[in-house]
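Note: the block below is target-v8.txt and it holds compact mmCIF, N, CA, C and O atoms.
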```txt
# COMPACT_ATOMS: atom_id res chain seq x y z
N MET A 1 33.30 255.24 183.02
CA MET A 1 32.79 256.50 182.52
C MET A 1 33.92 257.51 182.29
O MET A 1 34.00 258.13 181.24
N ALA A 2 34.79 257.66 183.30
CA ALA A 2 35.90 258.61 183.17
C ALA A 2 36.87 258.17 182.09
O ALA A 2 37.42 259.00 181.36
N GLN A 3 37.09 256.86 181.99
CA GLN A 3 37.99 256.34 180.96
C GLN A 3 37.43 256.62 179.57
O GLN A 3 38.18 256.96 178.66
N ASN A 4 36.12 256.50 179.40
CA ASN A 4 35.48 256.77 178.12
C ASN A 4 35.62 258.25 177.74
O ASN A 4 35.91 258.58 176.59
N ILE A 5 35.43 259.13 178.71
CA ILE A 5 35.57 260.57 178.44
C ILE A 5 37.02 260.90 178.12
O ILE A 5 37.30 261.67 177.20
N ARG A 6 37.95 260.30 178.86
CA ARG A 6 39.36 260.53 178.61
C ARG A 6 39.75 260.06 177.20
O ARG A 6 40.50 260.75 176.49
N GLN A 7 39.24 258.91 176.79
CA GLN A 7 39.54 258.39 175.45
C GLN A 7 38.96 259.29 174.36
O GLN A 7 39.62 259.57 173.36
N LYS A 8 37.73 259.77 174.57
CA LYS A 8 37.13 260.68 173.59
C LYS A 8 37.92 261.98 173.51
O LYS A 8 38.13 262.52 172.42
N PHE A 9 38.36 262.50 174.65
CA PHE A 9 39.15 263.72 174.65
C PHE A 9 40.48 263.50 173.93
O PHE A 9 40.92 264.34 173.15
N GLN A 10 41.13 262.35 174.19
CA GLN A 10 42.40 262.05 173.53
C GLN A 10 42.20 261.93 172.02
O GLN A 10 43.01 262.43 171.25
N ASP A 11 41.13 261.27 171.59
CA ASP A 11 40.85 261.15 170.16
C ASP A 11 40.59 262.52 169.54
O ASP A 11 41.06 262.82 168.42
N TRP A 12 39.88 263.37 170.24
CA TRP A 12 39.60 264.72 169.73
C TRP A 12 40.88 265.52 169.62
O TRP A 12 41.10 266.22 168.62
N MET A 13 41.75 265.43 170.63
CA MET A 13 43.01 266.16 170.60
C MET A 13 43.91 265.65 169.47
O MET A 13 44.55 266.43 168.79
N ASP A 14 43.95 264.34 169.27
CA ASP A 14 44.75 263.78 168.17
C ASP A 14 44.24 264.28 166.82
O ASP A 14 45.03 264.63 165.94
N THR A 15 42.93 264.32 166.66
CA THR A 15 42.35 264.83 165.42
C THR A 15 42.68 266.30 165.22
O THR A 15 43.05 266.72 164.12
N LEU A 16 42.60 267.08 166.28
CA LEU A 16 42.90 268.50 166.20
C LEU A 16 44.37 268.73 165.86
O LEU A 16 44.71 269.54 164.98
N VAL A 17 45.26 268.01 166.53
CA VAL A 17 46.70 268.17 166.28
C VAL A 17 47.03 267.75 164.85
O VAL A 17 47.81 268.43 164.16
N ASP A 18 46.46 266.67 164.38
CA ASP A 18 46.73 266.22 163.00
C ASP A 18 46.22 267.25 161.99
O ASP A 18 46.88 267.53 160.99
N ALA A 19 45.05 267.80 162.24
CA ALA A 19 44.49 268.80 161.32
C ALA A 19 45.36 270.05 161.28
O ALA A 19 45.62 270.61 160.22
N ILE A 20 45.82 270.49 162.43
CA ILE A 20 46.67 271.69 162.48
C ILE A 20 48.02 271.41 161.85
O ILE A 20 48.54 272.21 161.07
N ALA A 21 48.59 270.27 162.15
CA ALA A 21 49.93 269.95 161.67
C ALA A 21 49.97 269.79 160.16
O ALA A 21 50.98 270.14 159.53
N HIS A 22 48.91 269.32 159.56
CA HIS A 22 48.94 269.09 158.12
C HIS A 22 48.51 270.32 157.32
O HIS A 22 48.75 270.37 156.11
N ASN A 23 47.89 271.29 157.93
CA ASN A 23 47.41 272.45 157.19
C ASN A 23 48.37 273.63 157.21
O ASN A 23 48.37 274.44 156.31
N ASP A 24 49.18 273.76 158.21
CA ASP A 24 50.04 274.93 158.34
C ASP A 24 51.42 274.47 158.79
O ASP A 24 51.57 273.88 159.85
N ALA A 25 52.43 274.78 158.00
CA ALA A 25 53.78 274.33 158.31
C ALA A 25 54.27 274.98 159.60
O ALA A 25 54.94 274.33 160.42
N GLY A 26 53.97 276.24 159.81
CA GLY A 26 54.42 276.93 161.02
C GLY A 26 53.78 276.38 162.27
O GLY A 26 54.44 276.20 163.30
N MET A 27 52.50 276.10 162.21
CA MET A 27 51.81 275.54 163.37
C MET A 27 52.33 274.13 163.65
O MET A 27 52.52 273.74 164.80
N GLY A 28 52.57 273.37 162.60
CA GLY A 28 53.12 272.03 162.78
C GLY A 28 54.50 272.08 163.41
O GLY A 28 54.84 271.23 164.23
N ALA A 29 55.29 273.08 163.03
CA ALA A 29 56.62 273.24 163.63
C ALA A 29 56.51 273.56 165.11
O ALA A 29 57.27 273.05 165.93
N GLY A 30 55.55 274.40 165.45
CA GLY A 30 55.35 274.73 166.86
C GLY A 30 54.92 273.53 167.67
O GLY A 30 55.40 273.31 168.80
N ILE A 31 54.02 272.75 167.13
CA ILE A 31 53.55 271.55 167.83
C ILE A 31 54.69 270.54 167.97
O ILE A 31 54.86 269.92 169.03
N ALA A 32 55.49 270.39 166.93
CA ALA A 32 56.62 269.46 167.00
C ALA A 32 57.63 269.92 168.05
O ALA A 32 58.21 269.10 168.77
N ALA A 33 57.83 271.23 168.16
CA ALA A 33 58.76 271.75 169.17
C ALA A 33 58.25 271.48 170.57
O ALA A 33 59.02 271.10 171.46
N VAL A 34 56.96 271.66 170.79
CA VAL A 34 56.38 271.39 172.11
C VAL A 34 56.49 269.91 172.43
O VAL A 34 56.87 269.53 173.55
N ARG A 35 56.18 269.06 171.48
CA ARG A 35 56.30 267.61 171.70
C ARG A 35 57.73 267.24 172.05
O ARG A 35 57.98 266.44 172.96
N ALA A 36 58.70 267.80 171.31
CA ALA A 36 60.11 267.48 171.57
C ALA A 36 60.53 267.98 172.95
O ALA A 36 61.26 267.29 173.67
N ALA A 37 60.09 269.17 173.31
CA ALA A 37 60.44 269.71 174.62
C ALA A 37 59.86 268.85 175.74
O ALA A 37 60.51 268.63 176.77
N LEU A 38 58.65 268.36 175.56
CA LEU A 38 58.02 267.53 176.58
C LEU A 38 58.68 266.16 176.70
O LEU A 38 58.64 265.55 177.76
N THR A 39 59.29 265.69 175.62
CA THR A 39 59.96 264.39 175.67
C THR A 39 61.45 264.53 175.96
O THR A 39 62.17 263.54 175.98
N GLY A 40 61.93 265.75 176.16
CA GLY A 40 63.33 265.96 176.51
C GLY A 40 64.26 266.04 175.32
O GLY A 40 65.47 265.93 175.47
N LYS A 41 63.73 266.22 174.14
CA LYS A 41 64.56 266.34 172.94
C LYS A 41 64.74 267.81 172.58
O LYS A 41 64.14 268.68 173.19
N ASN A 42 65.56 268.07 171.58
CA ASN A 42 65.83 269.45 171.16
C ASN A 42 64.63 270.01 170.40
O ASN A 42 64.32 269.56 169.29
N PRO A 43 63.95 271.03 170.94
CA PRO A 43 62.76 271.55 170.27
C PRO A 43 63.08 272.34 169.00
O PRO A 43 62.27 272.38 168.08
N VAL A 44 64.26 272.95 168.94
CA VAL A 44 64.61 273.73 167.75
C VAL A 44 64.77 272.81 166.55
O VAL A 44 64.25 273.08 165.46
N TRP A 45 65.50 271.73 166.73
CA TRP A 45 65.72 270.79 165.63
C TRP A 45 64.40 270.15 165.19
O TRP A 45 64.15 269.98 164.00
N ALA A 46 63.55 269.83 166.13
CA ALA A 46 62.25 269.25 165.80
C ALA A 46 61.39 270.24 165.02
O ALA A 46 60.72 269.87 164.06
N ALA A 47 61.43 271.51 165.42
CA ALA A 47 60.65 272.53 164.72
C ALA A 47 61.17 272.73 163.30
O ALA A 47 60.39 272.88 162.36
N ILE A 48 62.49 272.73 163.12
CA ILE A 48 63.06 272.90 161.78
C ILE A 48 62.67 271.74 160.88
O ILE A 48 62.26 271.94 159.74
N LYS A 49 62.78 270.52 161.40
CA LYS A 49 62.41 269.35 160.59
C LYS A 49 60.94 269.38 160.22
O LYS A 49 60.57 269.09 159.09
N ALA A 50 60.08 269.74 161.17
CA ALA A 50 58.65 269.79 160.89
C ALA A 50 58.32 270.90 159.91
O ALA A 50 57.45 270.74 159.05
N LEU A 51 59.00 272.03 160.03
CA LEU A 51 58.75 273.14 159.11
C LEU A 51 59.14 272.77 157.68
O LEU A 51 58.38 273.01 156.74
N VAL A 52 60.30 272.16 157.52
CA VAL A 52 60.74 271.77 156.17
C VAL A 52 59.84 270.69 155.60
O VAL A 52 59.50 270.72 154.42
N SER A 53 59.43 269.74 156.43
CA SER A 53 58.57 268.68 155.91
C SER A 53 57.18 269.21 155.55
O SER A 53 56.50 268.63 154.72
N GLY A 54 56.77 270.32 156.16
CA GLY A 54 55.47 270.89 155.87
C GLY A 54 55.46 271.83 154.68
O GLY A 54 54.40 272.26 154.25
N LEU A 55 56.62 272.15 154.14
CA LEU A 55 56.69 273.06 153.00
C LEU A 55 56.31 272.35 151.71
O LEU A 55 56.46 271.13 151.58
N SER A 56 55.87 273.13 150.74
CA SER A 56 55.57 272.56 149.43
C SER A 56 56.86 272.26 148.69
O SER A 56 57.95 272.69 149.09
N GLY A 57 56.75 271.56 147.58
CA GLY A 57 57.93 271.21 146.79
C GLY A 57 58.67 272.43 146.28
O GLY A 57 59.90 272.50 146.32
N LYS A 58 57.92 273.42 145.79
CA LYS A 58 58.54 274.64 145.28
C LYS A 58 59.24 275.41 146.40
O LYS A 58 60.32 275.97 146.20
N ALA A 59 58.64 275.43 147.56
CA ALA A 59 59.25 276.14 148.69
C ALA A 59 60.53 275.44 149.14
O ALA A 59 61.50 276.10 149.51
N LYS A 60 60.54 274.10 149.10
CA LYS A 60 61.76 273.37 149.45
C LYS A 60 62.88 273.66 148.46
O LYS A 60 64.04 273.85 148.86
N VAL A 61 62.55 273.72 147.17
CA VAL A 61 63.56 274.03 146.16
C VAL A 61 64.08 275.45 146.37
O VAL A 61 65.30 275.70 146.30
N ALA A 62 63.19 276.38 146.66
CA ALA A 62 63.62 277.77 146.90
C ALA A 62 64.51 277.85 148.14
O ALA A 62 65.50 278.61 148.15
N LEU A 63 64.20 277.09 149.17
CA LEU A 63 65.02 277.09 150.38
C LEU A 63 66.41 276.55 150.10
O LEU A 63 67.41 277.13 150.55
N VAL A 64 66.50 275.48 149.34
CA VAL A 64 67.81 274.91 148.99
C VAL A 64 68.61 275.90 148.15
O VAL A 64 69.80 276.11 148.39
N LEU A 65 67.96 276.53 147.17
CA LEU A 65 68.66 277.51 146.35
C LEU A 65 69.15 278.70 147.18
O LEU A 65 70.26 279.21 146.97
N LEU A 66 68.34 279.14 148.12
CA LEU A 66 68.73 280.24 148.99
C LEU A 66 69.93 279.86 149.86
O LEU A 66 70.86 280.67 150.02
N LEU A 67 69.95 278.65 150.39
CA LEU A 67 71.08 278.19 151.19
C LEU A 67 72.35 278.09 150.35
O LEU A 67 73.42 278.51 150.79
N VAL A 68 72.24 277.56 149.14
CA VAL A 68 73.40 277.45 148.26
C VAL A 68 73.91 278.83 147.88
O VAL A 68 75.12 279.09 147.91
N LEU A 69 73.01 279.73 147.56
CA LEU A 69 73.41 281.09 147.21
C LEU A 69 74.10 281.77 148.38
O LEU A 69 75.11 282.45 148.22
N GLY A 70 73.59 281.56 149.58
CA GLY A 70 74.23 282.13 150.77
C GLY A 70 75.63 281.57 150.99
O GLY A 70 76.55 282.31 151.34
N LEU A 71 75.79 280.27 150.79
CA LEU A 71 77.11 279.67 150.96
C LEU A 71 78.10 280.15 149.90
O LEU A 71 79.28 280.31 150.17
N VAL A 72 77.62 280.38 148.68
CA VAL A 72 78.50 280.85 147.60
C VAL A 72 78.87 282.32 147.81
O VAL A 72 80.01 282.71 147.60
N LEU A 73 77.92 283.12 148.23
CA LEU A 73 78.17 284.55 148.36
C LEU A 73 78.80 284.96 149.68
O LEU A 73 79.31 286.08 149.79
N ALA A 74 78.82 284.11 150.67
CA ALA A 74 79.39 284.46 151.98
C ALA A 74 80.85 284.88 151.88
O ALA A 74 81.23 285.91 152.44
N PRO A 75 81.72 284.15 151.17
CA PRO A 75 83.11 284.60 151.07
C PRO A 75 83.25 285.95 150.36
O PRO A 75 84.09 286.78 150.73
N VAL A 76 82.43 286.17 149.35
CA VAL A 76 82.47 287.44 148.63
C VAL A 76 82.08 288.59 149.56
O VAL A 76 82.72 289.65 149.57
N LEU A 77 81.06 288.39 150.36
CA LEU A 77 80.63 289.42 151.29
C LEU A 77 81.68 289.70 152.35
O LEU A 77 81.88 290.86 152.76
N VAL A 78 82.40 288.68 152.79
CA VAL A 78 83.47 288.88 153.77
C VAL A 78 84.60 289.71 153.16
O VAL A 78 85.14 290.62 153.80
N VAL A 79 84.97 289.43 151.92
CA VAL A 79 86.03 290.20 151.25
C VAL A 79 85.60 291.65 151.08
O VAL A 79 86.39 292.57 151.32
N VAL A 80 84.36 291.88 150.68
CA VAL A 80 83.86 293.25 150.52
C VAL A 80 83.89 293.98 151.86
O VAL A 80 84.29 295.14 151.95
N LEU A 81 83.48 293.30 152.92
CA LEU A 81 83.51 293.91 154.25
C LEU A 81 84.92 294.27 154.67
O LEU A 81 85.17 295.36 155.20
N LEU A 82 85.87 293.40 154.41
CA LEU A 82 87.26 293.70 154.74
C LEU A 82 87.79 294.89 153.94
O LEU A 82 88.52 295.73 154.47
N LEU A 83 87.43 294.98 152.66
CA LEU A 83 87.86 296.12 151.85
C LEU A 83 87.27 297.42 152.38
O LEU A 83 87.95 298.45 152.42
N VAL A 84 86.02 297.39 152.78
CA VAL A 84 85.39 298.59 153.34
C VAL A 84 86.10 299.01 154.63
O VAL A 84 86.35 300.19 154.86
N LEU A 85 86.47 298.04 155.46
CA LEU A 85 87.18 298.37 156.69
C LEU A 85 88.56 298.94 156.42
O LEU A 85 89.01 299.87 157.10
N VAL A 86 89.26 298.42 155.42
CA VAL A 86 90.58 298.95 155.05
C VAL A 86 90.46 300.38 154.54
O VAL A 86 91.23 301.26 154.93
N VAL A 87 89.48 300.64 153.69
CA VAL A 87 89.27 302.00 153.17
C VAL A 87 88.91 302.95 154.32
O VAL A 87 89.43 304.07 154.38
N ALA A 88 88.07 302.51 155.23
CA ALA A 88 87.71 303.36 156.36
C ALA A 88 88.91 303.65 157.24
O ALA A 88 89.09 304.78 157.72
N ALA A 89 89.78 302.67 157.44
CA ALA A 89 91.00 302.88 158.23
C ALA A 89 91.94 303.86 157.53
O ALA A 89 92.55 304.71 158.18
N LEU A 90 92.06 303.74 156.19
CA LEU A 90 92.92 304.67 155.44
C LEU A 90 92.37 306.10 155.51
O LEU A 90 93.15 307.06 155.69
N VAL A 91 91.07 306.24 155.39
CA VAL A 91 90.46 307.59 155.47
C VAL A 91 90.70 308.18 156.85
O VAL A 91 91.05 309.35 157.00
N ALA A 92 90.54 307.36 157.88
CA ALA A 92 90.75 307.85 159.25
C ALA A 92 92.22 308.22 159.47
O ALA A 92 92.52 309.23 160.11
N ALA A 93 93.14 307.44 158.89
CA ALA A 93 94.56 307.74 159.04
C ALA A 93 94.94 309.03 158.33
O ALA A 93 95.70 309.84 158.84
N VAL A 94 94.39 309.26 157.15
CA VAL A 94 94.69 310.48 156.38
C VAL A 94 94.13 311.68 157.11
O VAL A 94 94.79 312.74 157.22
N ARG A 95 92.93 311.58 157.66
CA ARG A 95 92.33 312.70 158.40
C ARG A 95 93.12 312.99 159.67
O ARG A 95 93.30 314.14 160.05
N ALA A 96 93.59 311.96 160.33
CA ALA A 96 94.37 312.14 161.55
C ALA A 96 95.73 312.77 161.26
O ALA A 96 96.22 313.61 162.02
N ALA A 97 96.33 312.42 160.12
CA ALA A 97 97.63 312.96 159.74
C ALA A 97 97.51 314.41 159.30
O ALA A 97 98.44 315.22 159.51
N SER A 98 96.41 314.78 158.69
CA SER A 98 96.25 316.15 158.21
C SER A 98 95.81 317.11 159.33
O SER A 98 95.89 318.31 159.18
N ALA A 99 95.33 316.60 160.41
CA ALA A 99 94.85 317.47 161.49
C ALA A 99 95.93 317.87 162.45
O ALA A 99 96.98 317.51 162.57
```
Turn this file's structure into structure tokens for me.
Amino acid sequence: MAQNIRQKFQDWMDTLVDAIAHNDAGMGAGIAAVRAALTGKNPVWAAIKALVSGLSGKAKVALVLLLVLGLVLAPVLVVVLLLVLVVAALVAAVRAASA
């Protein structure tokens, strides 16, 4: 009797987890992270993989384009930041010299 109830509960939980995992990428990522944590694996990596696998094709393409754009623009942003710091240092030096 107890084994039958346990099996029905396990089947119900499997159905619930499958329904949640296939309908919402974020929920599937959370479930994958919990599963990975319970098995001793890295939950962050499992959540990222589940999130990407749950995205639509257009969302995956947009994610790849965003990553490529970030990699291309990162050096430009660093150069701009350095120029801003140099200008700020020059302004501070001129103000200090005039005071």
Where's the centre, and what are the edge lengths in Å to one decimal, of a box along x, y and z enclosing all listed atoms of stretch 67-84 of chain A padded 4 Å per side, as lines of an AutoDock Vina configuration file?
```
center_x = 79.2
center_y = 288.8
center_z = 151.2
size_x = 26.6
size_y = 30.7
size_z = 16.0
```
- Go through A:Pro75, A:Pro43, A:Gly57, A:Gly70 one by one, measure the shortest atom-to-atom distance of each to A:Ile31 using only N, CA, C and O atoms, and give the residue with the smallest value.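 Between A:Pro75, A:Pro43, A:Gly57, A:Gly70, the residue approaching A:Ile31 most closely is A:Pro43.
With distances taken over only C-alpha atoms, A:Leu51 is the one residue among A:Leu51, A:Ala59, A:Ala93, A:Leu85 lying closest to A:Gly28.
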- Query: Using only C-alpha atoms, which of A:Ala92, A:Ala97, A:Ala25, A:Val79 sits nearest A:Ser56?
  - Reply: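 Going through A:Ala92, A:Ala97, A:Ala25, A:Val79 one by one, the smallest distance to A:Ser56 is for A:Ala25.
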- Query: Counting only N, CA, C and O atoms, what is within 7 Å of A:Ala33, bar same-chain residues fewer than 5 positions away, as number ranges by chain?
  - Reply: A: 27-28, 38-39, 41-44, 46-47
- Message: One decimal, in Å: what's the spacing between atom CA of A:Leu69 and atom CA of A:Ala88?
- Response: 28.0 Å
- Which residue of A:Ser98, A:Leu55, A:Ala50, A:Trp12 approaches A:Gly30 most closely, using all atoms listed in the file: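 Of the candidates, the smallest distance to A:Gly30 is held by A:Ala50.
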